[in-house]
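Shown next: structure_31.txt, containing compact mmCIF, C-alpha atoms and all ligand atoms.
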```txt
# COMPACT_ATOMS: atom_id res chain seq x y z
CA MET T 1 109.10 63.44 99.66
CA PRO T 2 105.42 63.51 100.73
CA ASP T 3 104.79 61.37 103.83
CA GLY T 4 101.23 62.26 104.88
CA ARG T 5 102.26 65.01 107.30
CA LEU T 6 98.97 66.88 106.73
CA GLN T 7 96.66 63.87 106.90
CA GLY T 8 93.27 64.86 108.31
CA LYS T 9 93.84 68.63 107.92
CA VAL T 10 91.64 70.97 105.90
CA ALA T 11 93.54 73.76 104.14
CA ILE T 12 92.42 76.81 102.17
CA VAL T 13 95.02 78.18 99.75
CA THR T 14 94.15 81.49 98.08
CA GLY T 15 95.46 82.35 94.63
CA ALA T 16 95.97 78.63 94.07
CA ALA T 17 94.98 78.44 90.39
CA SER T 18 98.59 79.07 89.38
CA GLY T 19 102.13 79.81 90.48
CA ILE T 20 103.28 79.38 94.07
CA GLY T 21 99.72 78.94 95.40
CA ARG T 22 99.12 76.04 93.04
CA ALA T 23 102.40 74.38 94.05
CA ILE T 24 101.50 74.70 97.75
CA ALA T 25 97.94 73.42 97.22
CA GLU T 26 99.17 70.41 95.24
CA ARG T 27 101.83 69.55 97.83
CA TYR T 28 99.30 69.89 100.66
CA GLY T 29 97.09 67.43 98.78
CA ALA T 30 100.01 65.04 98.34
CA GLU T 31 100.63 65.29 102.10
CA GLY T 32 97.08 64.12 102.79
CA ALA T 33 95.22 67.41 103.35
CA ALA T 34 91.78 68.18 101.98
CA VAL T 35 92.41 71.38 100.02
CA VAL T 36 90.21 74.29 99.02
CA VAL T 37 91.70 75.87 95.90
CA ALA T 38 90.49 79.48 96.02
CA ASP T 39 91.15 81.92 93.21
CA ARG T 40 89.40 84.72 91.37
CA ASN T 41 90.14 82.61 88.27
CA GLU T 42 87.29 80.11 88.66
CA PRO T 43 88.11 77.73 85.78
CA GLY T 44 91.74 77.69 86.93
CA ALA T 45 90.76 76.88 90.52
CA GLU T 46 88.45 74.11 89.39
CA ALA T 47 91.08 72.63 87.08
CA VAL T 48 93.70 72.49 89.87
CA ALA T 49 91.18 70.95 92.29
CA ALA T 50 90.13 68.38 89.69
CA GLY T 51 93.71 67.10 89.53
CA MET T 52 93.82 66.36 93.28
CA ASP T 53 92.36 63.55 95.41
CA GLU T 54 90.28 65.55 97.86
CA ALA T 55 89.88 69.18 96.82
CA LEU T 56 87.30 71.84 96.07
CA GLY T 57 87.76 74.72 93.65
CA VAL T 58 86.07 77.96 94.75
CA ALA T 59 85.81 81.28 92.90
CA CYS T 60 86.90 83.99 95.33
CA ASP T 61 88.29 87.49 94.96
CA VAL T 62 89.93 87.99 98.36
CA ALA T 63 89.23 91.74 98.15
CA SER T 64 85.49 90.97 98.17
CA ARG T 65 83.99 90.26 101.60
CA PRO T 66 80.88 88.55 100.15
CA ASP T 67 83.26 86.29 98.17
CA CYS T 68 85.20 85.50 101.36
CA ASP T 69 81.94 84.66 103.15
CA ARG T 70 81.08 82.27 100.32
CA LEU T 71 84.58 80.72 100.47
CA PHE T 72 84.27 79.84 104.16
CA LYS T 73 80.66 78.70 103.77
CA ALA T 74 81.64 76.36 100.92
CA THR T 75 84.63 75.05 102.89
CA LEU T 76 82.56 74.28 105.98
CA ALA T 77 79.80 72.70 103.90
CA ARG T 78 82.25 70.36 102.19
CA PHE T 79 84.93 69.66 104.81
CA GLY T 80 83.43 70.83 108.15
CA THR T 81 86.35 72.92 109.43
CA VAL T 82 89.48 74.92 108.52
CA ASP T 83 92.86 73.94 109.98
CA VAL T 84 95.22 75.86 107.68
CA LEU T 85 94.83 79.11 105.73
CA VAL T 86 97.51 80.12 103.24
CA ASN T 87 97.12 83.75 102.19
CA ASN T 88 98.94 83.58 98.87
CA ALA T 89 96.68 85.55 96.49
CA ALA T 90 98.17 88.85 95.41
CA LEU T 91 98.42 91.23 92.50
CA THR T 92 102.01 90.73 91.39
CA ALA T 93 102.47 92.72 88.15
CA THR T 94 102.14 96.05 89.93
CA GLU T 95 105.22 98.08 88.97
CA ARG T 96 104.74 101.82 88.50
CA HIS T 97 107.05 104.71 89.30
CA PHE T 98 105.70 106.67 92.27
CA LEU T 99 105.61 109.86 90.19
CA GLU T 100 103.06 108.07 87.99
CA ALA T 101 100.97 106.78 90.92
CA ASP T 102 97.22 107.18 90.88
CA ASP T 103 94.57 106.39 93.43
CA ASP T 104 93.19 103.32 91.63
CA TRP T 105 96.68 101.77 91.48
CA TRP T 106 97.21 102.22 95.21
CA ASP T 107 93.68 101.24 96.25
CA SER T 108 93.48 98.10 94.12
CA ILE T 109 96.85 96.75 95.27
CA VAL T 110 96.20 97.43 98.95
CA ALA T 111 92.67 95.97 98.65
CA VAL T 112 93.98 92.61 97.42
CA ASN T 113 97.47 92.33 98.89
CA LEU T 114 96.77 93.63 102.41
CA THR T 115 93.02 93.95 103.04
CA GLY T 116 92.53 90.59 101.29
CA VAL T 117 94.75 88.97 103.93
CA TYR T 118 92.63 90.59 106.66
CA ASN T 119 89.38 89.46 104.98
CA THR T 120 90.27 85.76 104.97
CA SER T 121 92.26 85.79 108.22
CA VAL T 122 89.48 87.26 110.35
CA ARG T 123 87.04 84.63 109.11
CA ALA T 124 89.54 81.80 109.66
CA ALA T 125 90.66 83.13 113.06
CA ARG T 126 87.18 82.92 114.57
CA LEU T 127 86.82 79.27 113.54
CA MET T 128 90.35 78.35 114.56
CA ALA T 129 90.15 80.10 117.95
CA ALA T 130 86.94 78.20 118.73
CA ASN T 131 88.80 74.96 117.80
CA ARG T 132 91.85 76.05 119.87
CA SER T 133 93.94 75.02 116.84
CA GLY T 134 94.94 76.36 113.45
CA VAL T 135 97.67 77.90 111.31
CA ILE T 136 97.65 81.00 109.10
CA ILE T 137 100.54 81.40 106.65
CA ASN T 138 100.95 84.75 104.90
CA LEU T 139 103.01 85.05 101.73
CA SER T 140 105.09 88.20 101.86
CA SER T 141 108.01 89.42 99.77
CA GLY T 142 111.53 90.72 100.17
CA GLY T 143 109.88 94.03 99.22
CA ALA T 144 108.45 94.28 102.73
CA SER T 145 111.92 95.00 104.13
CA ARG T 146 114.08 95.88 101.05
CA ALA T 147 112.29 98.00 98.45
CA HIS T 148 111.78 97.10 94.81
CA ARG T 149 112.21 100.07 92.49
CA GLY T 150 108.83 101.26 91.20
CA ASN T 151 106.69 99.10 93.49
CA ALA T 152 105.72 101.31 96.43
CA ALA T 153 102.13 100.06 96.75
CA TYR T 154 103.13 96.37 96.59
CA ASP T 155 105.99 96.82 99.03
CA ALA T 156 103.86 98.84 101.47
CA ALA T 157 101.12 96.20 101.34
CA LYS T 158 103.64 93.41 102.01
CA GLY T 159 105.12 95.40 104.90
CA GLY T 160 101.59 95.56 106.26
CA VAL T 161 101.23 91.80 105.82
CA GLU T 162 104.35 91.20 107.92
CA ALA T 163 103.12 93.56 110.67
CA LEU T 164 99.71 91.89 110.55
CA THR T 165 101.35 88.47 110.91
CA ARG T 166 103.13 89.52 114.09
CA ALA T 167 100.00 91.18 115.52
CA LEU T 168 97.84 88.12 114.82
CA ALA T 169 100.45 85.80 116.29
CA LEU T 170 100.10 87.70 119.58
CA ASP T 171 96.31 87.96 119.56
CA LEU T 172 95.69 84.37 118.48
CA GLY T 173 98.53 82.53 120.23
CA PRO T 174 96.59 82.12 123.48
CA TYR T 175 93.83 80.41 121.45
CA GLY T 176 96.19 77.83 119.95
CA VAL T 177 96.43 79.51 116.55
CA ARG T 178 99.83 80.07 114.94
CA VAL T 179 100.51 82.80 112.33
CA CYS T 180 103.68 82.92 110.21
CA THR T 181 105.16 84.68 107.21
CA LEU T 182 106.62 82.83 104.22
CA ILE T 183 108.82 84.86 101.86
CA PRO T 184 109.64 83.70 98.33
CA GLY T 185 112.68 85.08 96.54
CA SER T 186 112.77 85.44 92.77
CA ILE T 187 110.49 82.57 91.75
CA ASP T 188 109.79 81.80 88.10
CA THR T 189 106.02 81.37 87.98
CA LYS T 190 105.67 82.54 84.38
CA GLY T 191 108.21 80.40 82.49
CA LEU T 192 110.80 83.11 81.86
CA PRO T 193 113.11 82.95 78.82
CA ASP T 194 116.41 81.13 79.56
CA GLU T 195 118.51 84.31 79.23
CA THR T 196 116.29 86.22 81.69
CA ARG T 197 116.52 83.35 84.18
CA ARG T 198 120.30 83.31 83.80
CA GLN T 199 120.64 87.08 84.30
CA ARG T 200 118.46 87.05 87.41
CA GLY T 201 120.26 84.03 88.79
CA VAL T 202 123.69 85.66 88.69
CA ASN T 203 122.77 88.04 91.52
CA ILE T 204 121.17 85.42 93.77
CA PRO T 205 123.53 83.77 96.28
CA LEU T 206 122.42 80.24 95.29
CA GLY T 207 123.05 81.23 91.67
CA ARG T 208 119.63 80.64 90.16
CA VAL T 209 116.00 81.71 90.28
CA GLY T 210 113.62 79.54 92.30
CA GLU T 211 110.76 77.30 91.25
CA PRO T 212 107.20 77.50 92.70
CA ASP T 213 107.60 74.07 94.31
CA GLU T 214 110.49 75.42 96.40
CA LEU T 215 107.93 77.20 98.60
CA ALA T 216 105.87 74.03 99.06
CA GLY T 217 108.17 72.22 101.51
CA PRO T 218 108.46 75.22 103.86
CA ALA T 219 104.67 75.72 103.61
CA VAL T 220 104.14 72.08 104.64
CA PHE T 221 106.53 72.47 107.57
CA LEU T 222 104.78 75.63 108.84
CA ALA T 223 101.37 73.94 108.57
CA SER T 224 102.50 70.73 110.25
CA ASP T 225 102.74 69.76 113.90
CA ASP T 226 106.56 69.82 113.52
CA ALA T 227 106.14 73.63 113.66
CA ARG T 228 103.86 73.54 116.74
CA TYR T 229 106.10 76.03 118.65
CA VAL T 230 106.68 78.31 115.63
CA THR T 231 104.58 81.48 115.50
CA GLY T 232 105.16 85.11 114.58
CA SER T 233 108.13 83.79 112.60
CA THR T 234 109.36 84.41 109.09
CA VAL T 235 110.65 81.64 106.83
CA MET T 236 112.46 82.68 103.68
CA SER T 237 112.87 80.44 100.65
CA ASP T 238 114.78 82.96 98.59
CA GLY T 239 118.14 81.47 97.60
CA GLY T 240 119.79 83.86 100.07
CA MET T 241 118.55 87.11 98.50
CA LEU T 242 117.61 88.82 101.76
CA ALA T 243 120.92 87.86 103.39
CA GLN T 244 122.77 89.84 100.73
CA GLN T 245 123.96 93.45 100.88
CA ARG T 246 125.75 93.84 97.54
CA SER T 247 124.91 91.75 94.48
CA ALA T 248 127.50 89.27 93.14
CA THR T 249 128.27 91.34 90.03
CA VAL T 250 129.62 94.26 92.10
CA ASP T 251 130.98 92.39 95.13
CA ILE T 252 134.67 92.32 96.08
CA PHE T 253 134.75 88.54 95.90
CA GLY T 254 133.01 88.20 92.55
CA LEU T 255 132.25 84.89 90.93
CA GLU T 256 135.54 85.09 88.96
CA LYS T 257 137.69 84.75 92.13
CA PHE T 258 137.87 80.94 91.95
CA PRO T 259 137.56 80.28 88.21
CA GLY T 260 138.51 76.62 88.65
CA LEU T 261 135.61 75.84 91.01
N1 LIG W 301 106.96 84.87 92.22
C1 LIG W 301 107.79 85.55 92.97
O1 LIG W 301 108.97 85.72 92.62
C2 LIG W 301 107.36 86.13 94.31
C3 LIG W 301 108.32 86.83 95.04
C4 LIG W 301 107.96 87.36 96.28
C5 LIG W 301 106.67 87.18 96.75
N2 LIG W 301 105.75 86.51 95.99
C6 LIG W 301 104.40 86.35 96.57
O2 LIG W 301 104.00 85.00 96.48
C7 LIG W 301 102.60 84.92 96.23
C8 LIG W 301 102.34 84.14 94.96
O3 LIG W 301 103.03 84.77 93.89
P1 LIG W 301 103.00 84.19 92.39
O4 LIG W 301 104.23 84.68 91.73
O5 LIG W 301 102.70 82.74 92.39
O6 LIG W 301 101.76 85.01 91.80
P2 LIG W 301 101.04 84.86 90.39
O7 LIG W 301 100.76 86.26 89.93
O8 LIG W 301 101.79 83.94 89.50
O9 LIG W 301 99.67 84.14 90.80
C9 LIG W 301 98.79 84.78 91.67
C10 LIG W 301 97.50 83.98 91.74
O10 LIG W 301 96.61 84.72 92.59
C11 LIG W 301 95.39 84.90 91.93
N3 LIG W 301 94.80 86.16 92.36
C12 LIG W 301 95.20 87.43 92.04
N4 LIG W 301 94.41 88.31 92.62
C13 LIG W 301 93.47 87.62 93.33
C14 LIG W 301 92.36 87.98 94.14
N5 LIG W 301 92.02 89.27 94.30
N6 LIG W 301 91.65 87.01 94.73
C15 LIG W 301 91.97 85.70 94.55
N7 LIG W 301 92.98 85.29 93.76
C16 LIG W 301 93.72 86.24 93.16
C17 LIG W 301 95.70 84.89 90.45
O11 LIG W 301 94.55 84.55 89.66
C18 LIG W 301 96.80 83.82 90.39
O12 LIG W 301 96.26 82.51 90.27
C19 LIG W 301 102.10 86.37 96.19
O13 LIG W 301 101.63 86.73 97.47
C20 LIG W 301 103.35 87.15 95.83
O14 LIG W 301 103.26 88.49 96.26
C21 LIG W 301 106.05 85.98 94.79
```
Just give me the structure of the file as structure tokens.
Amino acid sequence: MPDGRLQGKVAIVTGAASGIGRAIAERYGAEGAAVVVADRNEPGAEAVAAGMDEALGVACDVASRPDCDRLFKATLARFGTVDVLVNNAALTATERHFLEADDDWWDSIVAVNLTGVYNTSVRAARLMAANRSGVIINLSSGGASRAHRGNAAYDAAKGGVEALTRALALDLGPYGVRVCTLIPGSIDTKGLPDETRRQRGVNIPLGRVGEPDELAGPAVFLASDDARYVTGSTVMSDGGMLAQQRSATVDIFGLEKFPGL
């Protein structure tokens, strides 16, 4: 339950008009943070911010450096500093077989999902290093270490995000800035049909898909002073997906082994 763990902090959450970003932004607000809801969907960002106590909605395409400049300018003008940056914005419906790849597909995904993380992080890092305090949280994916079929550009970008996280943790640690990765599993941000949710859940160790709010608690922990010695680390909220080698439906101890339980 919210207990004011982020009181007095200023947080920017990108891609916060919907899905996981929205859930994190709203939980940060409930924990007492002033929140900048940044999204390329301007009406969506403003609507989420309007539902919170102390928040600002800002139109920002993270792939655009002028947009990122405007995001940080607006944040400083309204709240005076940046304590937490959550790099959540990403293109997520990106599947395409590699034999059907084209340059626009690759370039657009890398521009948002990897270069976008650089664009916001470099601006935040300079402010945070001067303050000798700050946290950057990068949303990655299981695809960074275990490939999705037909998602080479997305997976490569997320692999880059995880490498960037480690590199920034080293460069910024001496300046009091922590940098971590947060990995969602199969999270239902779109309101999937019941049968699709059930089918996906069968092959997840915890037996179900996740909800956007199930990333919010870990995101609060990483942003909070409870995590003051945590940097360069990866937190997974994935129902056990990345711990798994074979899926339940083909495993030797299938779900039918203890029918009475
Ligand atoms: N949902 C999942 O199952 C899942 C699994 C693994 C990783 N992730 C990661 O978690 C994060 C959130 O995923 P989600 O499912 O909530 O995504 P989503 O597609 O539901 O929402 C993404 C949000 O980002 C915004 N956005 C997209 N491009 C943008 C840009 N260029 N600039 C600013 N905003 C932009 C969209 O408008 C939207 O509000 C992403 O980084 C994604 O890769 C999600």
Kindly compile the residues surrounding ligand LIG 301 (chain W) within 7 Å, counting all atoms listed in the file, and format them as a PDB file with C-alpha atoms, in the frame of the given file.
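Heads up, here's the output in result.pdb:
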```
ATOM      1  CA  THR T  14      94.150  81.490  98.080  1.00  0.00           C
ATOM      2  CA  GLY T  15      95.460  82.350  94.630  1.00  0.00           C
ATOM      3  CA  ALA T  16      95.970  78.630  94.070  1.00  0.00           C
ATOM      4  CA  ALA T  17      94.980  78.440  90.390  1.00  0.00           C
ATOM      5  CA  SER T  18      98.590  79.070  89.380  1.00  0.00           C
ATOM      6  CA  GLY T  19     102.130  79.810  90.480  1.00  0.00           C
ATOM      7  CA  ILE T  20     103.280  79.380  94.070  1.00  0.00           C
ATOM      8  CA  GLY T  21      99.720  78.940  95.400  1.00  0.00           C
ATOM      9  CA  ALA T  38      90.490  79.480  96.020  1.00  0.00           C
ATOM     10  CA  ASP T  39      91.150  81.920  93.210  1.00  0.00           C
ATOM     11  CA  ARG T  40      89.400  84.720  91.370  1.00  0.00           C
ATOM     12  CA  ASN T  41      90.140  82.610  88.270  1.00  0.00           C
ATOM     13  CA  CYS T  60      86.900  83.990  95.330  1.00  0.00           C
ATOM     14  CA  ASP T  61      88.290  87.490  94.960  1.00  0.00           C
ATOM     15  CA  VAL T  62      89.930  87.990  98.360  1.00  0.00           C
ATOM     16  CA  ALA T  63      89.230  91.740  98.150  1.00  0.00           C
ATOM     17  CA  ASN T  88      98.940  83.580  98.870  1.00  0.00           C
ATOM     18  CA  ALA T  89      96.680  85.550  96.490  1.00  0.00           C
ATOM     19  CA  ALA T  90      98.170  88.850  95.410  1.00  0.00           C
ATOM     20  CA  LEU T  91      98.420  91.230  92.500  1.00  0.00           C
ATOM     21  CA  THR T  92     102.010  90.730  91.390  1.00  0.00           C
ATOM     22  CA  ALA T  93     102.470  92.720  88.150  1.00  0.00           C
ATOM     23  CA  VAL T 112      93.980  92.610  97.420  1.00  0.00           C
ATOM     24  CA  LEU T 139     103.010  85.050 101.730  1.00  0.00           C
ATOM     25  CA  SER T 140     105.090  88.200 101.860  1.00  0.00           C
ATOM     26  CA  SER T 141     108.010  89.420  99.770  1.00  0.00           C
ATOM     27  CA  GLY T 142     111.530  90.720 100.170  1.00  0.00           C
ATOM     28  CA  ILE T 183     108.820  84.860 101.860  1.00  0.00           C
ATOM     29  CA  PRO T 184     109.640  83.700  98.330  1.00  0.00           C
ATOM     30  CA  GLY T 185     112.680  85.080  96.540  1.00  0.00           C
ATOM     31  CA  SER T 186     112.770  85.440  92.770  1.00  0.00           C
ATOM     32  CA  ILE T 187     110.490  82.570  91.750  1.00  0.00           C
ATOM     33  CA  ASP T 188     109.790  81.800  88.100  1.00  0.00           C
ATOM     34  CA  THR T 189     106.020  81.370  87.980  1.00  0.00           C
ATOM     35  CA  LYS T 190     105.670  82.540  84.380  1.00  0.00           C
ATOM     36  CA  PRO T 212     107.200  77.500  92.700  1.00  0.00           C
TER      37      PRO T 212
END
```
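Minimum atom-to-atom distance to Ala129 (chain T), evaluated using all atoms listed in the file, belongs to T:Val82 out of T:Val82, T:Val35, T:Ala163, T:Ile109.
Atom pair CA of Arg200 (chain T) / CA of Leu242 (chain T) has a distance of 14.5 Å (rounded to one decimal).
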_Please return as a VMD selection string every residue within 12 Å of (102.0, 84.1, 113.3), taking into account only C-alpha atoms and the file's own coordinates._
chain T and resid 85 to 86 121 125 134 to 139 161 to 174 176 to 182 222 to 223 227 to 235
Residues as selected, C-alpha atoms, written as a PDB file, keeping the file's coordinate frame, can you do that?
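Done, and the output landed in selection26.pdb:
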```pdb
ATOM      1  CA  LEU T  85      94.830  79.110 105.730  1.00  0.00           C
ATOM      2  CA  VAL T  86      97.510  80.120 103.240  1.00  0.00           C
ATOM      3  CA  SER T 121      92.260  85.790 108.220  1.00  0.00           C
ATOM      4  CA  ALA T 125      90.660  83.130 113.060  1.00  0.00           C
ATOM      5  CA  GLY T 134      94.940  76.360 113.450  1.00  0.00           C
ATOM      6  CA  VAL T 135      97.670  77.900 111.310  1.00  0.00           C
ATOM      7  CA  ILE T 136      97.650  81.000 109.100  1.00  0.00           C
ATOM      8  CA  ILE T 137     100.540  81.400 106.650  1.00  0.00           C
ATOM      9  CA  ASN T 138     100.950  84.750 104.900  1.00  0.00           C
ATOM     10  CA  LEU T 139     103.010  85.050 101.730  1.00  0.00           C
ATOM     11  CA  VAL T 161     101.230  91.800 105.820  1.00  0.00           C
ATOM     12  CA  GLU T 162     104.350  91.200 107.920  1.00  0.00           C
ATOM     13  CA  ALA T 163     103.120  93.560 110.670  1.00  0.00           C
ATOM     14  CA  LEU T 164      99.710  91.890 110.550  1.00  0.00           C
ATOM     15  CA  THR T 165     101.350  88.470 110.910  1.00  0.00           C
ATOM     16  CA  ARG T 166     103.130  89.520 114.090  1.00  0.00           C
ATOM     17  CA  ALA T 167     100.000  91.180 115.520  1.00  0.00           C
ATOM     18  CA  LEU T 168      97.840  88.120 114.820  1.00  0.00           C
ATOM     19  CA  ALA T 169     100.450  85.800 116.290  1.00  0.00           C
ATOM     20  CA  LEU T 170     100.100  87.700 119.580  1.00  0.00           C
ATOM     21  CA  ASP T 171      96.310  87.960 119.560  1.00  0.00           C
ATOM     22  CA  LEU T 172      95.690  84.370 118.480  1.00  0.00           C
ATOM     23  CA  GLY T 173      98.530  82.530 120.230  1.00  0.00           C
ATOM     24  CA  PRO T 174      96.590  82.120 123.480  1.00  0.00           C
ATOM     25  CA  GLY T 176      96.190  77.830 119.950  1.00  0.00           C
ATOM     26  CA  VAL T 177      96.430  79.510 116.550  1.00  0.00           C
ATOM     27  CA  ARG T 178      99.830  80.070 114.940  1.00  0.00           C
ATOM     28  CA  VAL T 179     100.510  82.800 112.330  1.00  0.00           C
ATOM     29  CA  CYS T 180     103.680  82.920 110.210  1.00  0.00           C
ATOM     30  CA  THR T 181     105.160  84.680 107.210  1.00  0.00           C
ATOM     31  CA  LEU T 182     106.620  82.830 104.220  1.00  0.00           C
ATOM     32  CA  LEU T 222     104.780  75.630 108.840  1.00  0.00           C
ATOM     33  CA  ALA T 223     101.370  73.940 108.570  1.00  0.00           C
ATOM     34  CA  ALA T 227     106.140  73.630 113.660  1.00  0.00           C
ATOM     35  CA  ARG T 228     103.860  73.540 116.740  1.00  0.00           C
ATOM     36  CA  TYR T 229     106.100  76.030 118.650  1.00  0.00           C
ATOM     37  CA  VAL T 230     106.680  78.310 115.630  1.00  0.00           C
ATOM     38  CA  THR T 231     104.580  81.480 115.500  1.00  0.00           C
ATOM     39  CA  GLY T 232     105.160  85.110 114.580  1.00  0.00           C
ATOM     40  CA  SER T 233     108.130  83.790 112.600  1.00  0.00           C
ATOM     41  CA  THR T 234     109.360  84.410 109.090  1.00  0.00           C
ATOM     42  CA  VAL T 235     110.650  81.640 106.830  1.00  0.00           C
TER      43      VAL T 235
END
```
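Nearest residue to Asn203 (chain T), choosing from T:Gly191, T:Gly80, T:Ala248, T:Gly160 and counting all atoms listed in the file: T:Ala248.
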*What is the distance, in Å and to one decimal place, between CA of Phe98 (chain T) and CA of Arg149 (chain T)?*
9.3 Å
_Pick from T:Val117, T:Val209, T:Val202, T:Ala219, whichever lies nearest to Ser247 (chain T) using all atoms listed in the file_ = T:Val202
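If you measure from each of T:Thr120, T:Ala50, T:Leu6, T:His97 to Lys73 (chain T) using only C-alpha atoms, the closest one turns out to be T:Thr120.
Note that CA of Gly44 (chain T) and CA of Tyr28 (chain T) are 17.5 Å apart.
Checking T:Tyr154, T:Met1, T:Asp225, T:Arg146 one by one against Met241 (chain T), counting all atoms listed in the file, you find the shortest gap at T:Arg146.
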*asked:* Which polymer residues, whether protein, DNA or RNA, lie within 12 Å of the coordinate (83.2, 81.0, 106.9) when you count only C-alpha atoms? List them as number ranges by chain, using the chain letters and numbers from the file.
replied: T: 12, 65-82, 85, 119-128
Create the file for the chosen residues now, containing C-alpha atoms and written as a CSV table (one decimal), in the coordinates of the input.
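Final output, saved to part-v1.csv:
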```csv
chain,number,residue,atom,x,y,z
T,12,ILE,CA,92.4,76.8,102.2
T,65,ARG,CA,84.0,90.3,101.6
T,66,PRO,CA,80.9,88.6,100.2
T,67,ASP,CA,83.3,86.3,98.2
T,68,CYS,CA,85.2,85.5,101.4
T,69,ASP,CA,81.9,84.7,103.2
T,70,ARG,CA,81.1,82.3,100.3
T,71,LEU,CA,84.6,80.7,100.5
T,72,PHE,CA,84.3,79.8,104.2
T,73,LYS,CA,80.7,78.7,103.8
T,74,ALA,CA,81.6,76.4,100.9
T,75,THR,CA,84.6,75.0,102.9
T,76,LEU,CA,82.6,74.3,106.0
T,77,ALA,CA,79.8,72.7,103.9
T,78,ARG,CA,82.2,70.4,102.2
T,79,PHE,CA,84.9,69.7,104.8
T,80,GLY,CA,83.4,70.8,108.2
T,81,THR,CA,86.4,72.9,109.4
T,82,VAL,CA,89.5,74.9,108.5
T,85,LEU,CA,94.8,79.1,105.7
T,119,ASN,CA,89.4,89.5,105.0
T,120,THR,CA,90.3,85.8,105.0
T,121,SER,CA,92.3,85.8,108.2
T,122,VAL,CA,89.5,87.3,110.4
T,123,ARG,CA,87.0,84.6,109.1
T,124,ALA,CA,89.5,81.8,109.7
T,125,ALA,CA,90.7,83.1,113.1
T,126,ARG,CA,87.2,82.9,114.6
T,127,LEU,CA,86.8,79.3,113.5
T,128,MET,CA,90.4,78.4,114.6
```
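Of the listed residues T:Val220, T:Met236, T:Leu206, T:Ala153, the one whose atoms come nearest to Ala25 (chain T) is T:Val220, with distances taken using all atoms listed in the file.
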